[in-house]
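J.: Handing you a structure now.
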Amino acid sequence: MFSLSRKDFTLLAVFSVIVMTMPIWLQPLGAAYPGLMQKFVIYAIFAIGFNILFGLTGYLSFGHAAFLGVGSYTAVWSFKLLSMDMIPALFFAVVFAGIFALFIGFFSLRRSGIYFSILTLAFAQMSYSLAYSVLTPITNGETGLLIARDDPRAIDTMLGVGQSASGMPMPSLIGIELGGYGGFYICALVLIACFFLSQKIFASPFGMALRGIKSNPTRMIYTGFNTKPYMLTAFVISGMFAGLAGGLLAVTDPIAGAERMQWTESGNLVLMTILGGVGTLLGPVIGAWVIKYCENIFSAINTQMLNGFFEFLPDGVQSVAVTVMSKFVGEGWHLTLGLVFVLIVVFLPGGLVEGAEKLRHRFRRRSDTYDLAADAQEKRT
Amino acid sequence: MTKFTMNRRGLLKTVGAGLTTAVASPLVLTNRAYAQQFCNNPGDNDPIIGFNVPQTGTYAEEGLEQLKGYELAVKHINGEGDGGMINTMQPTALKGNGILGKRLRYVTGDTQTNTDAARDGARRMIERDGAVMVTGCVTTGEAVAQQALCHELGVIYMSGLTHGNDTTGKDKRRYGFRHFFQGYMSGVAIAPLLAEEYGRDRRAYHLTADYNWGWTQEESIMAATEALGWETVRAVRTPLGIGDYSQYLTPVLNSGADVLILNHYGHDMVNSLPQAVQFGMRDRMANGKQFEIIVPMFSELMAVGAGDAVKGIIGTQNWNWQLDDAGSRAFTQSYGAEYGEPPSQSAHTGYVQTLLYADAVERAGTFYPPEVIRALEDFEFDGLGNGPTLYRGSDHQCFKEVLVVRGNEAPTSRFDVLDVVGKTPREDVMYDPAIFGGELGPYEPNMC
């Protein structure tokens with residue numbers, strides 16, 4: 001059940017090391033603080049889940065942010081009503097997001113292509129509006145759902161887990177508080193588990209069936225496949241991944257706001273997946289990291305920092321460089337992201353992962369005959 | 001598919017080594033935390049504060065204005081420029097040599113007019129940049145989200161432009177402070193002038209932006225006008241961010257109302273007000289009276305955006321650059337010298353909040369948040385443009401005069417769009433903090 005192909009296992013091992021060593025290799029990039037690393041890891045889960053739907057079946061959902069939001073709201077309510085422990089919070093987040101996905105998927109999957117996308121978009125916008133105003137008693141509307149010190153927390157009270165005298169209660173895992181690095185490592189472990197799960201799904205007959213639906217649904221039907229339940233399962237699984245990500249967002253930072261459900265968030269998710277590489281295992285993760293990095297680090301660069309960076313240039317050139325560059329960083333980071341996105345879609349339709357593949361091939365071709373011989377040897381055996 | 005057959009021991013070693021390094025690394029990195037008694041203690045280094053405002057998104061314009069105010073405040077605190085309102089603030093412990101003799105530095109962030117992005121930005125400032133105080137916002141959502149986060153991490157948050165009652169009401173926090181006024185005060189402040197201008201026998205129709213801020217304002221204005229003897233015909237909720245209000249404006253004409261109250265802000269108001277005027281509402285007679293439109297919460301940028309439609313419209317403001325007290329004059333003077341235009345209320349509240357924080361630290365003699373909070377609570381001051389002001393300790397809300405303004409009929413420049421027509425004294429807009437509920441929480445900080 002837990003077996004993987006050798007290639008997949010190596011990938012999983014390398015991936016785990018990369019994720020766990022984030023605090024080290026992100027240091028020179030200026031992103032090694034828990035807040036952002038948590039986001040990196042959580043949005044990677046979100047993108048992996050989305051990729052199971054979009055990458056395998058080719059159905060482009062524009063409403064995945066809704067499941068993220070449902071997960072967050074459920075988790076915060078679990079913190080308020082049951083316990084500050086993350087286990088019930090995540091459990092209910094995944095379950096509720098799954099039920100919600102089942103409902104939306106049931107209707108949306110009656111159509112394919114652009115109609116499916118529009119249906120999911122419509123449902124997601126509807127959920128956003130509901131969360132933003134109509135359901136304010138449940139979601140606390142614009143201000144966002146927050147935990148308070150005097151919430152009931154039935155399980156905690158029953159077990160006599162007292163809240164600390166100082167500060168607000170923090171989400172915990174069996175008594176261990178999850179602020180900062182603790183939260184990051186928990187999320188990282190969940191991400192690795194999710195990555196493993198996605199590898200298993202990609203390699204399973206179920207995954208093959210989904211790919212078959214992507215390449216030609218009619219053929220699949222003629223070979224005796226009922227595609228509907230497969231599609232719905234893929235949709236629900238990816239909705240549950242999104243719910244898990246939403247739950248983790250609430251675990252690392254106990255607030256749930258309606259903006260999380262807005263269509264721009266779903267759009268961001270699509271960007272992440274395409275930027276990294278649709279249908280590849282690593283692609284969505286890389287895409288999520290690139291976009292979150294741009295959003296948090298690029299947007300914070302101001303002219304003061306640019307001046308420092310270009311200090312080595314002569315005065316006139318420096319001011320020109322700063323003026324030009326300042327259009328692309330800080331408030332202009334969307335412009336940079338847009339340019340990068342256009343370049344990638346035009347020249348690397350397979351995303352960053354395809355770029356890396358191409359580079360690898362180029363190096364292979366240039367390498368000496370010994371390697372080629374070894375390659376040939378390998379192929380023969 | 002080949003089964004995994006790699007040497008197990010070798011693998012365990014590699015993964016184990018990797019994990020150990022990874023787990024140990026944060027310990028090395030956060031070692032600093034054990035040496036300090038509270039979150040981001042500047043110690044012997046220069047203190048850093050974070051300015052987190054929308055620089056993109058719906059309220060980018062107001063956010064960028066606020067940022068200008070902040071940057072000017074840092075200059076003045078560090079003794080650059082002409083000192084602005086440091087010279088007029090009474091009492092003040094600020095000497096124009098930084099805070100506690102150390103040069104104040106700052107980092108900036110973009111909240112994208114989005115609560116999640118605002119929290120991300122605030123966390124970056126606190127966790128990476130070591131900010132000892134975070135400030136800035138243009139919506140109540142941003143304010144509440146950031147002040148809750150800052151409370152959890154034990155860092156003081158000075159909110160920017162937030163007018164919803166919740167910030168210092170239901171969702172108030174020990175670590176959050178608001179200088180700006182709020183919906184309840186708008187209602188109380190505008191009522192006497194409305195009675196004077198439009199009489200006590202009016203029928204009002206509300207169009208309200210359908211979210212938290214809109215509702216609290218609607219509720220406050222409704223209570224205040226009904227106390228005057230006005231009758232509320234209907235209150236209709238409009239979705240946020242729509243461009244065309246005609247379907248909401250048509251029913252107003254036949255409703256028997258003679259006053260339209262627009263509880264809209266920013267783009268919503270910039271769209272709804274001109275459309276209402278185009279409908280000919282202001283030229284109409286209803287119930288034998290002139291039909292009137294009221295926009296309870298005004299800002300200069302909105303007034304500019306709405307163009308001619310704003311002429312003669314009554315609303316309230318936190319501050320206006322045309323005020324003639326020493327503080328306002330000093331601020332307008334130095335802001336104008338710096339940026340070549342008069343400041344907006346968004347810039348003003350940001351500037352004042354920074355000064356108040358710096359002054360509180362100076363008086364407390366430490367950056368330790370509980371001491372700074374005690375210094376700010378129930379602090380009475382004057383000379384910051386709003387007359388005598390109280391930072392009430394029981395809900396961290398500032399109490400000061402509220403300005404009632406009217407759209408200028410003959411503006412001389414694009415900055416001269418609002419006239420101050422009245423000031424409602426501080427005593428009148430005071431309320432019992434218990435009416436909004438909420439709890440401030442403890443002084444003692446969590447460690448971040």
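If you're wondering about the labels, chains in the structure tokens are A, B, ... by order shown, residues count from 1 in each chain, ligands from 1 in order shown.
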If we count only C-alpha atoms, what is near B:Val421 at a cut-off of 10 Å, once residues fewer than 3 positions away on the same chain are taken out, given as a PyMOL selection string?

T.: chain B and resi 193+314-316+403-407+418

J.: For the residues in that selection, give me N, CA and C atoms as a PDB file, in the first residue's frame.

T.:
ATOM      1  N   LEU B 193     -26.931  69.084  12.766  1.00  0.00           N
ATOM      2  CA  LEU B 193     -26.881  69.886  11.560  1.00  0.00           C
ATOM      3  C   LEU B 193     -28.003  69.496  10.604  1.00  0.00           C
ATOM      4  N   ILE B 314     -23.906  66.862   2.581  1.00  0.00           N
ATOM      5  CA  ILE B 314     -23.432  66.911   3.964  1.00  0.00           C
ATOM      6  C   ILE B 314     -22.893  65.555   4.400  1.00  0.00           C
ATOM      7  N   GLY B 315     -21.802  65.587   5.144  1.00  0.00           N
ATOM      8  CA  GLY B 315     -21.227  64.352   5.682  1.00  0.00           C
ATOM      9  C   GLY B 315     -20.322  64.665   6.861  1.00  0.00           C
ATOM     10  N   THR B 316     -19.602  63.646   7.358  1.00  0.00           N
ATOM     11  CA  THR B 316     -18.682  63.897   8.471  1.00  0.00           C
ATOM     12  C   THR B 316     -17.270  63.502   8.082  1.00  0.00           C
ATOM     13  N   LEU B 403     -15.952  66.550  12.753  1.00  0.00           N
ATOM     14  CA  LEU B 403     -16.252  67.609  11.800  1.00  0.00           C
ATOM     15  C   LEU B 403     -17.451  67.240  10.951  1.00  0.00           C
ATOM     16  N   VAL B 404     -18.338  68.205  10.774  1.00  0.00           N
ATOM     17  CA  VAL B 404     -19.404  68.034   9.799  1.00  0.00           C
ATOM     18  C   VAL B 404     -19.022  68.883   8.597  1.00  0.00           C
ATOM     19  N   VAL B 405     -19.007  68.265   7.429  1.00  0.00           N
ATOM     20  CA  VAL B 405     -18.525  68.973   6.242  1.00  0.00           C
ATOM     21  C   VAL B 405     -19.604  68.984   5.172  1.00  0.00           C
ATOM     22  N   ARG B 406     -19.407  69.881   4.213  1.00  0.00           N
ATOM     23  CA  ARG B 406     -20.341  69.978   3.096  1.00  0.00           C
ATOM     24  C   ARG B 406     -19.529  70.145   1.820  1.00  0.00           C
ATOM     25  N   GLY B 407     -19.954  69.480   0.760  1.00  0.00           N
ATOM     26  CA  GLY B 407     -19.270  69.613  -0.523  1.00  0.00           C
ATOM     27  C   GLY B 407     -19.251  71.071  -0.962  1.00  0.00           C
ATOM     28  N   LEU B 418     -14.168  70.191   0.146  1.00  0.00           N
ATOM     29  CA  LEU B 418     -15.068  70.066   1.291  1.00  0.00           C
ATOM     30  C   LEU B 418     -14.938  71.281   2.209  1.00  0.00           C
TER      31      LEU B 418
END

J.: Just the alpha helix (DSSP H) stuff from stretch 131-348 of chain A, please, per backbone DSSP, written as an MDAnalysis selection string.

T.: chainID A and resid 136:139 154:159 180:203 205:215 217:222 227:252 263:276 283:296 303:309 315:326 333:347

J.: Hey, what's within 8 Å of stretch 38-40 of chain A if we count only C-alpha atoms and toss same-chain stuff fewer than 3 positions away? As a compact mmCIF listing (two decimals) with C-alpha atoms, in the first residue's frame, please?

T.:
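As a result, out.txt now contains:
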# COMPACT_ATOMS: atom_id res chain seq x y z
CA PRO A 34 7.60 31.18 9.90
CA GLY A 35 4.70 33.25 8.62
CA TYR A 43 -0.47 26.81 -0.64
CA ALA A 44 1.62 23.94 -1.98
CA GLY A 183 3.30 25.36 13.00
CA PHE A 184 5.62 25.30 10.02
CA CYS A 187 2.34 21.86 8.00
CA ALA A 188 5.49 20.58 6.30
CA LEU A 249 -4.34 28.30 7.37
CA THR A 252 -1.29 28.59 11.86
CA ALA A 288 2.82 28.13 -5.44
CA TRP A 289 6.20 29.01 -3.96
CA LYS A 292 3.78 33.45 -2.73

J.: Taking only C-alpha atoms into account, find every residue of chain A that has an atom no more than 8 Å from chain B, and write it out as an MDAnalysis selection string.

T.: chainID A and resid 3:6 9 13 17 20:24 31:36 132:133 141:144 146 149 165:168 179:181 253 255 257 259:260 296 299:300 302 330:331

J.: Selected residues, C-alpha atoms, written as a PDB file, in the first residue's frame, please.

T.:
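Produced file again.pdb, reproduced below:
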ATOM      1  CA  SER A   3       5.136   1.161  -1.953  1.00  0.00           C
ATOM      2  CA  LEU A   4       6.345   3.584  -4.577  1.00  0.00           C
ATOM      3  CA  SER A   5       8.302   3.213  -7.756  1.00  0.00           C
ATOM      4  CA  ARG A   6      11.993   3.888  -7.301  1.00  0.00           C
ATOM      5  CA  PHE A   9      10.591   7.342  -3.941  1.00  0.00           C
ATOM      6  CA  ALA A  13      12.900  11.811  -0.398  1.00  0.00           C
ATOM      7  CA  VAL A  17      14.522  17.224   2.415  1.00  0.00           C
ATOM      8  CA  MET A  20      12.239  20.394   5.797  1.00  0.00           C
ATOM      9  CA  THR A  21      15.346  22.481   5.103  1.00  0.00           C
ATOM     10  CA  MET A  22      13.321  25.527   4.042  1.00  0.00           C
ATOM     11  CA  PRO A  23      14.468  27.595   7.034  1.00  0.00           C
ATOM     12  CA  ILE A  24      18.032  27.185   5.724  1.00  0.00           C
ATOM     13  CA  ALA A  31      11.905  34.516   3.176  1.00  0.00           C
ATOM     14  CA  ALA A  32      12.940  32.349   6.131  1.00  0.00           C
ATOM     15  CA  TYR A  33      10.351  33.479   8.649  1.00  0.00           C
ATOM     16  CA  PRO A  34       7.601  31.182   9.903  1.00  0.00           C
ATOM     17  CA  GLY A  35       4.698  33.248   8.616  1.00  0.00           C
ATOM     18  CA  LEU A  36       5.756  32.984   4.989  1.00  0.00           C
ATOM     19  CA  TYR A 132     -19.197  38.296   3.028  1.00  0.00           C
ATOM     20  CA  SER A 133     -22.673  39.441   3.980  1.00  0.00           C
ATOM     21  CA  GLY A 141     -18.621  39.021   7.342  1.00  0.00           C
ATOM     22  CA  GLU A 142     -16.010  41.515   6.311  1.00  0.00           C
ATOM     23  CA  THR A 143     -14.215  41.529   9.642  1.00  0.00           C
ATOM     24  CA  GLY A 144     -13.507  37.810   9.535  1.00  0.00           C
ATOM     25  CA  LEU A 146     -11.916  35.335  15.095  1.00  0.00           C
ATOM     26  CA  ARG A 149     -11.072  34.082  25.064  1.00  0.00           C
ATOM     27  CA  ALA A 165      -3.645  33.579  31.891  1.00  0.00           C
ATOM     28  CA  SER A 166      -1.835  35.728  29.342  1.00  0.00           C
ATOM     29  CA  GLY A 167      -2.665  36.342  25.725  1.00  0.00           C
ATOM     30  CA  MET A 168      -5.119  34.639  23.437  1.00  0.00           C
ATOM     31  CA  GLY A 179       2.912  29.252  16.671  1.00  0.00           C
ATOM     32  CA  GLY A 180       5.939  30.004  14.529  1.00  0.00           C
ATOM     33  CA  TYR A 181       8.284  27.161  13.640  1.00  0.00           C
ATOM     34  CA  ASP A 253      -3.263  31.800  12.097  1.00  0.00           C
ATOM     35  CA  ILE A 255      -8.826  33.764  11.564  1.00  0.00           C
ATOM     36  CA  GLY A 257     -11.979  35.890   6.239  1.00  0.00           C
ATOM     37  CA  GLU A 259     -11.530  37.309   0.915  1.00  0.00           C
ATOM     38  CA  ARG A 260     -10.005  33.864   0.976  1.00  0.00           C
ATOM     39  CA  ASN A 296       5.263  38.719  -0.016  1.00  0.00           C
ATOM     40  CA  SER A 299       5.807  43.578  -2.970  1.00  0.00           C
ATOM     41  CA  ALA A 300       7.726  44.810   0.062  1.00  0.00           C
ATOM     42  CA  ASN A 302      10.618  49.960  -1.722  1.00  0.00           C
ATOM     43  CA  GLY A 330       6.707  47.060  -4.540  1.00  0.00           C
ATOM     44  CA  GLU A 331       3.192  47.971  -5.629  1.00  0.00           C
TER      45      GLU A 331
END

J.: Fewer than 3 positions away in the same chain doesn't count, so skip those; otherwise give me all residues within 8 Å of B:Asp359, counting only C-alpha atoms, as number ranges by chain.

T.: B: 92-94, 99, 355-356, 362-363

J.: Taking into account only C-alpha atoms, which residue in the set B:Val402, B:Val372, B:Ala303, B:Met85 is nearest to B:Thr424?

T.: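 For B:Thr424, the nearest of the candidates is B:Val402.
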
J.: Which polymer residues have any atom within 12 Å of an atom of B:Ile190, counting only C-alpha atoms, with same-chain residues fewer than 4 positions away left out, as a ChimeraX atom specification?

T.: /B:183-186,194-198,220-225,228,261,294-298,313-317,401-406,421-425,428-429

J.: According to DSSP computed on the backbone, where in stretch 116-342 of chain A is there strand (DSSP E)? Give the residues as a list in words.

T.: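 Selecting the strand (DSSP E) positions of stretch 116-342 of chain A gives Leu145, Leu146, Ser172, Leu173, Ile176, Glu177, Ile255 and Ala256 of chain A.
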
J.: Which of these, A:Ala97, A:Ile274, A:Val134, A:Ile87, has the shortest distance to A:Pro171 once you count only C-alpha atoms?

T.: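 Counting only C-alpha atoms, the residue closest to A:Pro171 is A:Ile87.
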
J.: Taking 3 positions as the minimum chain separation for residues in the same chain, which residues sit within 12 Å of B:Gly280 when counting only C-alpha atoms? Answer as a list in words.

T.: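 The residues satisfying every condition are Leu249, Thr250, Val252, Leu253, Leu273, Pro274, Gln275, Ala276, Val277, Asp283, Arg284, Met285, Gln290, Phe291, Glu292, Ile293 and Ala309 of chain B.
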
J.: Could you write out that same residue set with C-alpha atoms as a PDB file, in the first residue's frame?

T.:
ATOM      1  CA  LEU B 249     -32.160  54.338  -7.198  1.00  0.00           C
ATOM      2  CA  THR B 250     -35.408  53.979  -9.163  1.00  0.00           C
ATOM      3  CA  VAL B 252     -36.279  55.660  -4.118  1.00  0.00           C
ATOM      4  CA  LEU B 253     -38.211  58.048  -6.338  1.00  0.00           C
ATOM      5  CA  LEU B 273     -23.671  59.616  -5.570  1.00  0.00           C
ATOM      6  CA  PRO B 274     -23.168  60.930  -9.138  1.00  0.00           C
ATOM      7  CA  GLN B 275     -25.785  58.472 -10.382  1.00  0.00           C
ATOM      8  CA  ALA B 276     -28.265  59.668  -7.779  1.00  0.00           C
ATOM      9  CA  VAL B 277     -27.611  63.248  -8.867  1.00  0.00           C
ATOM     10  CA  ASP B 283     -33.805  68.941  -8.229  1.00  0.00           C
ATOM     11  CA  ARG B 284     -36.839  67.064  -7.047  1.00  0.00           C
ATOM     12  CA  MET B 285     -39.471  68.049  -4.604  1.00  0.00           C
ATOM     13  CA  GLN B 290     -36.519  69.783  -1.402  1.00  0.00           C
ATOM     14  CA  PHE B 291     -35.123  66.245  -1.864  1.00  0.00           C
ATOM     15  CA  GLU B 292     -31.724  65.853  -0.198  1.00  0.00           C
ATOM     16  CA  ILE B 293     -28.846  63.373  -0.302  1.00  0.00           C
ATOM     17  CA  ALA B 309     -22.071  65.633  -7.631  1.00  0.00           C
TER      18      ALA B 309
END

J.: Work out how far apart atom CA of B:Asn165 and atom CA of B:Gln182 are and give it in Å to one decimal.

T.: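 One can read the atom CA of B:Asn165 to atom CA of B:Gln182 distance as 5.7 Å.
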